[in-house]
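Shown next: protein.pdb, containing PDB, C-alpha atoms.
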```
ATOM      1  CA  MET A  12     222.759 170.683 104.341
ATOM      2  CA  SER A  13     223.018 173.228 101.571
ATOM      3  CA  SER A  14     225.460 176.114 101.757
ATOM      4  CA  TYR A  15     222.867 178.149  99.872
ATOM      5  CA  THR A  16     221.659 180.734 102.376
ATOM      6  CA  ARG A  17     219.144 183.552 102.432
ATOM      7  CA  GLU A  18     221.963 186.017 103.046
ATOM      8  CA  ALA A  19     223.949 184.763 100.031
ATOM      9  CA  TYR A  20     220.828 184.952  97.866
ATOM     10  CA  LEU A  21     220.017 188.514  98.978
ATOM     11  CA  GLU A  22     223.627 189.541  98.331
ATOM     12  CA  LEU A  23     223.354 188.061  94.827
ATOM     13  CA  VAL A  24     220.122 190.000  94.196
ATOM     14  CA  GLU A  25     221.774 193.205  95.440
ATOM     15  CA  ASN A  26     224.777 192.694  93.156
ATOM     16  CA  ILE A  27     222.573 191.960  90.143
ATOM     17  CA  ARG A  28     220.586 195.148  90.768
ATOM     18  CA  LYS A  29     223.804 197.194  91.079
ATOM     19  CA  ILE A  30     225.146 195.829  87.803
ATOM     20  CA  ILE A  31     221.817 195.923  85.919
ATOM     21  CA  PRO A  32     219.645 198.760  87.253
ATOM     22  CA  GLY A  33     215.949 198.140  86.610
ATOM     23  CA  VAL A  34     216.431 194.401  86.104
ATOM     24  CA  SER A  35     213.282 192.295  86.391
ATOM     25  CA  MET A  36     213.335 189.504  88.941
ATOM     26  CA  SER A  37     211.246 186.341  88.880
ATOM     27  CA  SER A  38     211.321 183.085  90.778
ATOM     28  CA  ASP A  39     209.434 179.874  91.444
ATOM     29  CA  PHE A  40     207.994 179.266  94.901
ATOM     30  CA  ILE A  41     206.664 175.954  96.187
ATOM     31  CA  THR A  42     204.858 176.081  99.483
ATOM     32  CA  GLY A  43     204.048 173.114 101.696
ATOM     33  CA  PHE A  44     207.095 171.016 100.830
ATOM     34  CA  CYS A  45     207.765 168.066 103.127
ATOM     35  CA  GLY A  46     208.746 169.290 106.579
ATOM     36  CA  GLU A  47     207.980 172.956 105.899
ATOM     37  CA  THR A  48     207.204 174.695 109.191
ATOM     38  CA  GLU A  49     205.129 177.799 109.781
ATOM     39  CA  ASP A  50     208.399 179.659 110.422
ATOM     40  CA  ASP A  51     209.751 178.457 107.049
ATOM     41  CA  HIS A  52     206.598 179.774 105.400
ATOM     42  CA  GLN A  53     206.910 183.155 107.155
ATOM     43  CA  GLN A  54     210.533 183.363 105.994
ATOM     44  CA  THR A  55     209.383 182.790 102.406
ATOM     45  CA  LEU A  56     206.817 185.593 102.728
ATOM     46  CA  SER A  57     209.528 187.814 104.180
ATOM     47  CA  LEU A  58     211.820 187.037 101.233
ATOM     48  CA  LEU A  59     209.061 187.938  98.778
ATOM     49  CA  ARG A  60     208.693 191.299 100.516
ATOM     50  CA  GLU A  61     212.421 191.939 100.678
ATOM     51  CA  VAL A  62     213.319 191.057  97.072
ATOM     52  CA  GLY A  63     210.298 192.478  95.262
ATOM     53  CA  TYR A  64     209.806 190.200  92.254
ATOM     54  CA  ASN A  65     208.213 191.351  89.001
ATOM     55  CA  MET A  66     206.917 187.880  88.227
ATOM     56  CA  GLY A  67     206.436 184.675  90.134
ATOM     57  CA  PHE A  68     205.413 181.103  89.622
ATOM     58  CA  LEU A  69     203.684 179.941  92.796
ATOM     59  CA  PHE A  70     202.622 176.407  93.631
ATOM     60  CA  ALA A  71     201.460 174.206  96.478
ATOM     61  CA  TYR A  72     203.684 171.134  96.770
ATOM     62  CA  SER A  73     202.288 167.798  95.662
ATOM     63  CA  MET A  74     204.081 164.448  95.567
ATOM     64  CA  ARG A  75     205.345 163.279  92.178
ATOM     65  CA  LYS A  76     206.384 159.711  91.446
ATOM     66  CA  LYS A  77     209.946 159.248  90.201
ATOM     67  CA  THR A  78     211.240 162.015  92.479
ATOM     68  CA  HIS A  79     213.616 161.807  95.409
ATOM     69  CA  ALA A  80     210.971 163.315  97.712
ATOM     70  CA  TYR A  81     208.362 160.722  96.731
ATOM     71  CA  HIS A  82     210.619 157.847  97.756
ATOM     72  CA  ARG A  83     212.413 159.348 100.733
ATOM     73  CA  LEU A  84     210.277 162.039 102.347
ATOM     74  CA  GLN A  85     206.892 162.115 104.023
ATOM     75  CA  ASP A  86     204.367 164.620 102.686
ATOM     76  CA  ASP A  87     203.508 165.859 106.180
ATOM     77  CA  VAL A  88     201.957 169.253 105.423
ATOM     78  CA  PRO A  89     198.149 168.892 105.275
ATOM     79  CA  VAL A  90     196.418 170.038 102.077
ATOM     80  CA  PRO A  91     194.389 172.791 103.848
ATOM     81  CA  VAL A  92     197.646 174.211 105.274
ATOM     82  CA  LYS A  93     199.266 174.108 101.831
ATOM     83  CA  GLN A  94     196.262 175.898 100.350
ATOM     84  CA  ARG A  95     196.266 178.607 103.029
ATOM     85  CA  ARG A  96     199.993 179.132 102.599
ATOM     86  CA  LEU A  97     199.631 179.332  98.818
ATOM     87  CA  GLU A  98     196.881 181.947  99.189
ATOM     88  CA  GLU A  99     199.125 183.968 101.527
ATOM     89  CA  LEU A 100     202.028 183.628  99.097
ATOM     90  CA  ILE A 101     199.855 184.837  96.219
ATOM     91  CA  SER A 102     198.578 187.783  98.240
ATOM     92  CA  VAL A 103     202.050 188.950  99.306
ATOM     93  CA  PHE A 104     203.435 188.384  95.819
ATOM     94  CA  ARG A 105     200.681 190.499  94.247
ATOM     95  CA  GLU A 106     201.235 193.343  96.710
ATOM     96  CA  GLU A 107     204.980 193.404  96.131
ATOM     97  CA  ALA A 108     204.832 192.892  92.350
ATOM     98  CA  ALA A 109     202.389 195.779  92.082
ATOM     99  CA  LYS A 110     204.854 198.058  93.902
ATOM    100  CA  VAL A 111     207.750 196.973  91.687
ATOM    101  CA  ASN A 112     205.821 197.084  88.419
ATOM    102  CA  MET A 113     204.251 200.490  89.141
ATOM    103  CA  ALA A 114     207.700 201.871  88.330
ATOM    104  CA  PHE A 115     206.979 201.082  84.658
ATOM    105  CA  ILE A 116     204.202 203.699  84.503
ATOM    106  CA  GLY A 117     205.318 206.618  82.380
ATOM    107  CA  SER A 118     208.298 204.736  80.965
ATOM    108  CA  ALA A 119     208.884 203.753  77.371
ATOM    109  CA  GLN A 120     209.377 200.006  76.991
ATOM    110  CA  LEU A 121     210.787 198.197  73.974
ATOM    111  CA  VAL A 122     208.310 195.359  73.446
ATOM    112  CA  LEU A 123     208.642 192.221  71.329
ATOM    113  CA  VAL A 124     205.154 191.687  69.883
ATOM    114  CA  GLU A 125     203.711 188.209  70.495
ATOM    115  CA  GLY A 126     200.269 188.673  68.958
ATOM    116  CA  GLU A 127     196.715 189.630  69.722
ATOM    117  CA  SER A 128     195.775 190.120  73.353
ATOM    118  CA  LYS A 129     193.452 187.583  74.949
ATOM    119  CA  ARG A 130     191.564 190.519  76.477
ATOM    120  CA  SER A 131     190.535 192.191  73.234
ATOM    121  CA  SER A 132     190.960 191.894  69.479
ATOM    122  CA  GLU A 133     191.653 195.641  69.541
ATOM    123  CA  GLU A 134     194.856 195.112  71.531
ATOM    124  CA  LEU A 135     198.208 193.417  71.032
ATOM    125  CA  CYS A 136     200.471 191.892  73.647
ATOM    126  CA  GLY A 137     204.177 191.342  73.930
ATOM    127  CA  ARG A 138     207.005 191.346  76.441
ATOM    128  CA  ASN A 139     209.599 193.863  77.451
ATOM    129  CA  ASP A 140     213.252 192.923  77.983
ATOM    130  CA  GLY A 141     212.422 191.856  81.552
ATOM    131  CA  ASN A 142     209.843 189.363  80.220
ATOM    132  CA  VAL A 143     206.998 191.447  81.674
ATOM    133  CA  LYS A 144     203.815 191.220  79.619
ATOM    134  CA  VAL A 145     202.690 194.490  78.033
ATOM    135  CA  ILE A 146     199.257 195.066  76.441
ATOM    136  CA  PHE A 147     198.849 197.952  74.022
ATOM    137  CA  PRO A 148     196.393 199.220  71.362
ATOM    138  CA  LYS A 149     196.473 197.577  67.943
ATOM    139  CA  THR A 150     197.411 200.350  65.515
ATOM    140  CA  ASP A 151     199.270 200.742  62.263
ATOM    141  CA  LEU A 152     202.643 202.462  62.292
ATOM    142  CA  SER A 153     204.335 204.567  59.650
ATOM    143  CA  VAL A 154     207.290 202.920  57.945
ATOM    144  CA  GLN A 155     209.236 206.191  58.104
ATOM    145  CA  PRO A 156     208.168 209.430  59.774
ATOM    146  CA  GLU A 157     208.437 211.437  56.534
ATOM    147  CA  LYS A 158     206.476 208.881  54.460
ATOM    148  CA  PRO A 159     202.704 208.320  54.740
ATOM    149  CA  GLN A 160     202.882 204.530  54.229
ATOM    150  CA  MET A 161     201.326 202.693  57.205
ATOM    151  CA  VAL A 162     201.873 199.026  58.103
ATOM    152  CA  PRO A 163     200.202 196.821  60.727
ATOM    153  CA  ILE A 164     202.178 195.683  63.764
ATOM    154  CA  LYS A 165     202.727 191.923  63.638
ATOM    155  CA  PRO A 166     204.225 189.194  65.848
ATOM    156  CA  GLY A 167     208.002 189.418  65.870
ATOM    157  CA  ASP A 168     208.049 193.207  65.532
ATOM    158  CA  TYR A 169     209.609 195.417  68.168
ATOM    159  CA  VAL A 170     207.613 198.477  69.190
ATOM    160  CA  LEU A 171     208.235 201.242  71.672
ATOM    161  CA  VAL A 172     205.299 201.435  74.097
ATOM    162  CA  LYS A 173     204.693 204.093  76.724
ATOM    163  CA  VAL A 174     203.228 202.398  79.792
ATOM    164  CA  GLN A 175     200.199 204.261  81.142
ATOM    165  CA  VAL A 176     198.520 201.745  83.471
ATOM    166  CA  TYR A 177     199.695 198.722  85.428
ATOM    167  CA  HIS A 178     197.658 195.543  85.965
ATOM    168  CA  LEU A 179     199.016 192.355  87.483
ATOM    169  CA  LEU A 180     199.119 190.073  84.477
ATOM    170  CA  TRP A 181     201.567 187.334  85.285
ATOM    171  CA  ILE A 182     201.139 184.954  88.137
ATOM    172  CA  TRP A 183     201.105 181.226  87.678
ATOM    173  CA  THR A 184     199.579 179.177  90.436
ATOM    174  CA  GLY A 185     198.620 175.593  90.976
ATOM    175  CA  SER A 186     200.156 172.308  92.041
ATOM    176  CA  SER A 187     203.875 171.846  91.584
TER     177      SER A 187
END
```
Just give me the structure as structure tokens.
Amino acid sequence: MSSYTREAYLELVENIRKIIPGVSMSSDFITGFCGETEDDHQQTLSLLREVGYNMGFLFAYSMRKKTHAYHRLQDDVPVPVKQRRLEELISVFREEAAKVNMAFIGSAQLVLVEGESKRSSEELCGRNDGNVKVIFPKTDLSVQPEKPQMVPIKPGDYVLVKVQVYHLLWIWTGSS
């Protein structure tokens, strides 16, 4: 039995947030692991609500050869139950991430530019220091405020972006 407890984890999260105000939190969640009960699942949903993650990687468990679980555990959670639980996990995650990420609206974020947005060739995308994806208009910037020379923003540049709207952009789902 692991000495890793919910209480210890929540205390760790609390301490991190005291030391680094505004820190972004992300985690991986696998639902439907061997032996997972409905109560276990409800506890996971409760943890999602309590912590409030910015990003999450959510999966339904599936057996993988060459793993301890494959050789020693029985995959006893039916696929329809795994799928329902994953859908519930995604729903709760989206609700909570939206609440957490709404705090970015109106703030200025330093963004590392990754490249053109998949949504539009008129937009760029990058990530803030919490690894949250930010989409912003593709524009040229002046090299220095007092000089008229303009240069395009390119991957690898850092730009200061004022967040005006929030959309849930980052949620990975699928089989583990």
key: Selection: 8 Å around A:Ala108, all atoms listed in the file, excl. self and same-chain fewer than 6 positions, as a PyMOL selection string   = chain A and resi 63-66+179
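Distance annotation: of A:Val170, A:Ile27, A:Val92, A:Leu84, the residue with the minimal separation from A:Leu152 is A:Val170; atom set is only C-alpha atoms.
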ask   = Quick one: which residues end up in the PyMOL selection byres ((chain A and resi 39) around 8) for this structure, as a list in words?
value =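 Taken over the shown coordinates, the PyMOL selection byres ((chain A and resi 39) around 8) returns Ser37, Ser38, Phe40, Ile41, Gly67, Phe68, Leu69 and Phe70 of chain A.
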Please, could you write that set of residues out with C-alpha atoms as a PDB file, in the frame of the given file?
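Below you can see out.pdb, which holds the result:
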```
ATOM      1  CA  SER A  37     211.246 186.341  88.880  1.00  0.00           C
ATOM      2  CA  SER A  38     211.321 183.085  90.778  1.00  0.00           C
ATOM      3  CA  PHE A  40     207.994 179.266  94.901  1.00  0.00           C
ATOM      4  CA  ILE A  41     206.664 175.954  96.187  1.00  0.00           C
ATOM      5  CA  GLY A  67     206.436 184.675  90.134  1.00  0.00           C
ATOM      6  CA  PHE A  68     205.413 181.103  89.622  1.00  0.00           C
ATOM      7  CA  LEU A  69     203.684 179.941  92.796  1.00  0.00           C
ATOM      8  CA  PHE A  70     202.622 176.407  93.631  1.00  0.00           C
TER       9      PHE A  70
END
```
For stretch 76-93 of chain A, I'd like the enclosing box, axis-aligned and padded by 6 Å on every side, reported as AutoDock Vina command-line options with centre and edge lengths in Å to one decimal.
```
--center_x 204.0 --center_y 166.0 --center_z 98.2 --size_x 31.2 --size_y 28.4 --size_z 28.0
```
Result set of the PyMOL selection byres ((chain A and resi 164) around 9) on the coordinates above, as number ranges by chain = A: 124, 126, 135, 149-152, 162-163, 165-170
For those residues, write C-alpha atoms to a file as a PDB file, in the coordinates of the input.
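Writing done, so here's result-v3.pdb:
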```
ATOM      1  CA  VAL A 124     205.154 191.687  69.883  1.00  0.00           C
ATOM      2  CA  GLY A 126     200.269 188.673  68.958  1.00  0.00           C
ATOM      3  CA  LEU A 135     198.208 193.417  71.032  1.00  0.00           C
ATOM      4  CA  LYS A 149     196.473 197.577  67.943  1.00  0.00           C
ATOM      5  CA  THR A 150     197.411 200.350  65.515  1.00  0.00           C
ATOM      6  CA  ASP A 151     199.270 200.742  62.263  1.00  0.00           C
ATOM      7  CA  LEU A 152     202.643 202.462  62.292  1.00  0.00           C
ATOM      8  CA  VAL A 162     201.873 199.026  58.103  1.00  0.00           C
ATOM      9  CA  PRO A 163     200.202 196.821  60.727  1.00  0.00           C
ATOM     10  CA  LYS A 165     202.727 191.923  63.638  1.00  0.00           C
ATOM     11  CA  PRO A 166     204.225 189.194  65.848  1.00  0.00           C
ATOM     12  CA  GLY A 167     208.002 189.418  65.870  1.00  0.00           C
ATOM     13  CA  ASP A 168     208.049 193.207  65.532  1.00  0.00           C
ATOM     14  CA  TYR A 169     209.609 195.417  68.168  1.00  0.00           C
ATOM     15  CA  VAL A 170     207.613 198.477  69.190  1.00  0.00           C
TER      16      VAL A 170
END
```
ask   = Selected by the PyMOL selection byres ((chain A and resi 55) around 12) in the shown coordinates: which residues, as a ChimeraX atom specification?
value = /A:17,38-43,47-54,56-62,69,96-97,99-101,103-104
task = For atom CA of A:Ser131 and atom CA of A:Phe147, determine how far apart the two atoms are, in Å to one decimal place.
result =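 Between atom CA of A:Ser131 and atom CA of A:Phe147 the gap works out to 10.1 Å.
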Near-A:Ala114 list (12 Å; only C-alpha atoms; drop same-chain fewer than 2 positions) as a ChimeraX atom specification = /A:33-35,63,65,107-112,116-120,174-177
Please write the residues from the selection above to a file, keeping C-alpha atoms, as a CSV table (one decimal), keeping the file's coordinate frame.
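What follows is the written file selection33.csv:
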```
chain,number,residue,atom,x,y,z
A,33,GLY,CA,215.9,198.1,86.6
A,34,VAL,CA,216.4,194.4,86.1
A,35,SER,CA,213.3,192.3,86.4
A,63,GLY,CA,210.3,192.5,95.3
A,65,ASN,CA,208.2,191.4,89.0
A,107,GLU,CA,205.0,193.4,96.1
A,108,ALA,CA,204.8,192.9,92.4
A,109,ALA,CA,202.4,195.8,92.1
A,110,LYS,CA,204.9,198.1,93.9
A,111,VAL,CA,207.8,197.0,91.7
A,112,ASN,CA,205.8,197.1,88.4
A,116,ILE,CA,204.2,203.7,84.5
A,117,GLY,CA,205.3,206.6,82.4
A,118,SER,CA,208.3,204.7,81.0
A,119,ALA,CA,208.9,203.8,77.4
A,120,GLN,CA,209.4,200.0,77.0
A,174,VAL,CA,203.2,202.4,79.8
A,175,GLN,CA,200.2,204.3,81.1
A,176,VAL,CA,198.5,201.7,83.5
A,177,TYR,CA,199.7,198.7,85.4
```
Length of the atom CA of A:Leu123 to atom CA of A:Cys136 vector [Å] = 8.5 Å
key: Coordinates-based distance that separates atom CA of A:Glu98 from atom CA of A:His82 (Å, one decimal)   =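 We find that atom CA of A:His82 and atom CA of A:Glu98 lie 27.8 Å from each other.
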ask   = Between A:Leu121, A:Val143, A:Ala19, A:Val90, which one has atoms that come closest to A:Met36, using all atoms listed in the file?
value = A:Val143
Option closest in space to A:Tyr81, from A:Arg105, A:Val145, A:Ser128, A:Cys45 [counting only C-alpha atoms] =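 Closest to A:Tyr81 of all the choices is A:Cys45.
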